[in-house]
Structures are given as C-alpha cells and as structure tokens.
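Down below is the structure, laid out as structure tokens.
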Amino acid sequence: MIEFMREAIALAVKKMRQGQGGPFGAVIVQHGEVIGRGYNRVTSTNDPTAHAEIVAIREACSRLDDFRLTGCDIYINCEPCPMCLAAIYWADIARIYYAADRQDAADHGFADAEIYLEISRNPEERRIQAVQLLRAEALAAFREWQMKTDKIDY
C-alpha cells in the first residue's frame, strides 16, 4: 500500500514541476497492479474537471473496458474534492487511501473545504444560484428510462 501512495505523491510532484497543473496525483490499483494513473491537468488542458482522480478513473475504465472499477482501490496524495469523491462512488471503487486532507488543501489555497460546505447547504442557500425549470418534462425522460428493457443499470 505504501508504495502506491508514494507513486501518487511522486506523480503529483513530477507533473506539478513540469507545469501540468496542481500538486495532485492518483493511482488506481486492482489485485496489486496499477491500472490507472492520473495527475492534475486543470491548467494545462483548461479543463476544470481534469483532476488527478478523474484522469485516473478514465484511464482505468478504458483499460478495463468497463465503467465500474469494482474491487479497485485508489491512492491519492490528497483527500478527494467533492467532484472526485462522487466520481469514485460512481465508479464503485472499493477503498480510498489519501495522504493530505481537505484542510491541508484549503491551507494551501484550494477550495475543497469550501465546496464541501456549499454542497451541505440547501440549493437556495448556495453561492451559485440554482433555479429549477421544466421538472415535469424532465421526469418524462426518467419514466421512459424505467421502461427501457435494454438499459444498462448503473
């Protein structure tokens, strides 16, 4: 386990030094083998979703040709932000190992803790305004999905 965490940390440092993005690295492991690696590419790709965990999940899923990473572990040099935590859950990853935590990230200028707080608030209390529109029309798509016989559940 320690070697995978050291790999995530080393990847974060190496790619940060190369100007690829922030100091974040992730490694996904299945049965003791690395199947996905990711580092922060936000600033180098102008993609706010290109966090290390997301990049690693995409690589691992592509390698396994599956959107589920059931039974896999992820090693991250920092506790995942809310977006990445959600992606880890969607991917059905078994365990999260992390080094630094959200307060460490906040102490170094990253908004993880702030976003965790925002998510805990009701939509009408959040900093970014959320307005619900056309719910009935949207529910029609969900009803159709429920009736679909060839759907792949996730």
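For the structure tokens, the naming scheme is as follows: chains receive sequential letters (A, B, ...) according to their order of presentation, residues are indexed from 1 within each chain, and ligands are indexed from 1 in presentation order.
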**Study point:** Contact residues around Tyr75 in chain A with only C-alpha atoms at 6 Å, ignoring same-chain residues under 4 positions, as a PyMOL selection string
**Key:** chain A and resi 5+26-27+97-98
Write a file of the selected residues as a JSON list (two decimals), in the first residue's frame, keeping C-alpha atoms.
[["chain", "number", "residue", "atom", "x", "y", "z"],
["A", 5, "MET", "CA", 0.76, 6.13, -2.13],
["A", 26, "ALA", "CA", -3.77, 9.41, -8.15],
["A", 27, "VAL", "CA", -3.15, 5.73, -8.74],
["A", 97, "TYR", "CA", -6.38, 5.89, 0.55],
["A", 98, "TYR", "CA", -5.31, 9.52, 0.88]]
Any idea what's packed within 9 Å of Gln30 in chain A, counting only C-alpha atoms, ignoring anything in its chain fewer than 4 positions away? Could you give it as a PDB file with C-alpha atoms, in the first residue's frame?
ATOM      1  CA  VAL A  34      -1.683  -0.293 -11.189  1.00  0.00           C
ATOM      2  CA  ILE A  35      -4.390   0.021 -13.843  1.00  0.00           C
ATOM      3  CA  LEU A  69     -13.994  -0.278 -11.038  1.00  0.00           C
ATOM      4  CA  THR A  70     -15.487  -2.664  -8.511  1.00  0.00           C
ATOM      5  CA  GLY A  71     -12.885  -4.053  -6.141  1.00  0.00           C
ATOM      6  CA  CYS A  72     -10.261  -1.468  -7.078  1.00  0.00           C
ATOM      7  CA  ASP A  73      -8.511   0.875  -4.663  1.00  0.00           C
TER       8      ASP A  73
END
Hey, which bits of range 73-98 of chain A sit within 9 Å of range 42-53 of chain A, and for each residue what's the closest pair of atoms and how far apart in Å (one decimal), counting only C-alpha atoms, rows by chain and increasing number, as a Markdown table?
| residue | atom | partner | partner_atom | distance |
| --- | --- | --- | --- | --- |
| A:Ile74 | CA | A:Glu53 | CA | 8.1 |
| A:Tyr75 | CA | A:Glu53 | CA | 8.9 |
| A:Ile76 | CA | A:Glu53 | CA | 7.4 |
| A:Pro80 | CA | A:Glu53 | CA | 7.6 |
| A:Met83 | CA | A:Thr49 | CA | 8.1 |
| A:Cys84 | CA | A:Glu53 | CA | 6.0 |
| A:Leu85 | CA | A:Glu53 | CA | 8.6 |
| A:Ala87 | CA | A:Glu53 | CA | 8.1 |
| A:Ile88 | CA | A:Glu53 | CA | 7.8 |
Now that the selection is made, can you save its residues with N, CA, C and O atoms as a PDB file, in the first residue's frame?
ATOM      1  N   ILE A  74      -8.103   3.245  -4.763  1.00  0.00           N
ATOM      2  CA  ILE A  74      -7.487   4.463  -5.298  1.00  0.00           C
ATOM      3  C   ILE A  74      -6.596   5.065  -4.221  1.00  0.00           C
ATOM      4  O   ILE A  74      -6.976   5.127  -3.049  1.00  0.00           O
ATOM      5  N   TYR A  75      -5.416   5.455  -4.641  1.00  0.00           N
ATOM      6  CA  TYR A  75      -4.431   6.117  -3.781  1.00  0.00           C
ATOM      7  C   TYR A  75      -4.280   7.539  -4.294  1.00  0.00           C
ATOM      8  O   TYR A  75      -3.991   7.745  -5.474  1.00  0.00           O
ATOM      9  N   ILE A  76      -4.490   8.508  -3.392  1.00  0.00           N
ATOM     10  CA  ILE A  76      -4.480   9.904  -3.783  1.00  0.00           C
ATOM     11  C   ILE A  76      -3.625  10.664  -2.784  1.00  0.00           C
ATOM     12  O   ILE A  76      -3.706  10.424  -1.583  1.00  0.00           O
ATOM     13  N   PRO A  80     -10.011  13.480  -1.659  1.00  0.00           N
ATOM     14  CA  PRO A  80     -10.673  13.953  -2.878  1.00  0.00           C
ATOM     15  C   PRO A  80     -11.645  15.093  -2.632  1.00  0.00           C
ATOM     16  O   PRO A  80     -12.301  15.159  -1.598  1.00  0.00           O
ATOM     17  N   MET A  83     -16.258  16.648  -6.216  1.00  0.00           N
ATOM     18  CA  MET A  83     -16.449  16.118  -7.567  1.00  0.00           C
ATOM     19  C   MET A  83     -15.770  14.758  -7.702  1.00  0.00           C
ATOM     20  O   MET A  83     -16.358  13.798  -8.219  1.00  0.00           O
ATOM     21  N   CYS A  84     -14.540  14.673  -7.243  1.00  0.00           N
ATOM     22  CA  CYS A  84     -13.789  13.428  -7.365  1.00  0.00           C
ATOM     23  C   CYS A  84     -14.347  12.340  -6.463  1.00  0.00           C
ATOM     24  O   CYS A  84     -14.396  11.168  -6.854  1.00  0.00           O
ATOM     25  N   LEU A  85     -14.797  12.725  -5.272  1.00  0.00           N
ATOM     26  CA  LEU A  85     -15.421  11.751  -4.384  1.00  0.00           C
ATOM     27  C   LEU A  85     -16.657  11.149  -5.048  1.00  0.00           C
ATOM     28  O   LEU A  85     -16.862   9.931  -5.017  1.00  0.00           O
ATOM     29  N   ALA A  87     -17.213  10.900  -8.264  1.00  0.00           N
ATOM     30  CA  ALA A  87     -16.754  10.031  -9.357  1.00  0.00           C
ATOM     31  C   ALA A  87     -16.255   8.685  -8.826  1.00  0.00           C
ATOM     32  O   ALA A  87     -16.495   7.641  -9.439  1.00  0.00           O
ATOM     33  N   ILE A  88     -15.591   8.711  -7.692  1.00  0.00           N
ATOM     34  CA  ILE A  88     -15.116   7.471  -7.067  1.00  0.00           C
ATOM     35  C   ILE A  88     -16.307   6.585  -6.699  1.00  0.00           C
ATOM     36  O   ILE A  88     -16.292   5.375  -6.926  1.00  0.00           O
TER      37      ILE A  88
END
**Study point:** Atomic distance CA of Arg6 in chain A - CA of Gly25 in chain A, expressed in Å with one decimal
**Key:** 9.8 Å
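Assigned to strand (DSSP E or B) in range 18-88 of chain A, given DSSP computed from backbone atoms, are Gly25, Ala26, Val27, Ile28, Val29, Gln30, Glu33, Val34, Ile35, Gly36, Arg37, Gly38, Tyr39, Asp73, Ile74, Tyr75, Ile76, Asn77 and Cys78 of chain A.
Restricting the calculation to only C-alpha atoms, the smallest distance between Pro23 in chain A and any of A:Cys78, A:Ala106, A:Ile2, A:Ala130 is found for A:Cys78.
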Exercise for review: Name the residues of chain A that come out as helix (DSSP H, G or I) in a backbone DSSP run; write them as a VMD selection string.
Suggested key: chain A and resid 2 to 17 42 to 45 52 to 64 82 to 90 102 to 107 112 to 120 123 to 125 135 to 147
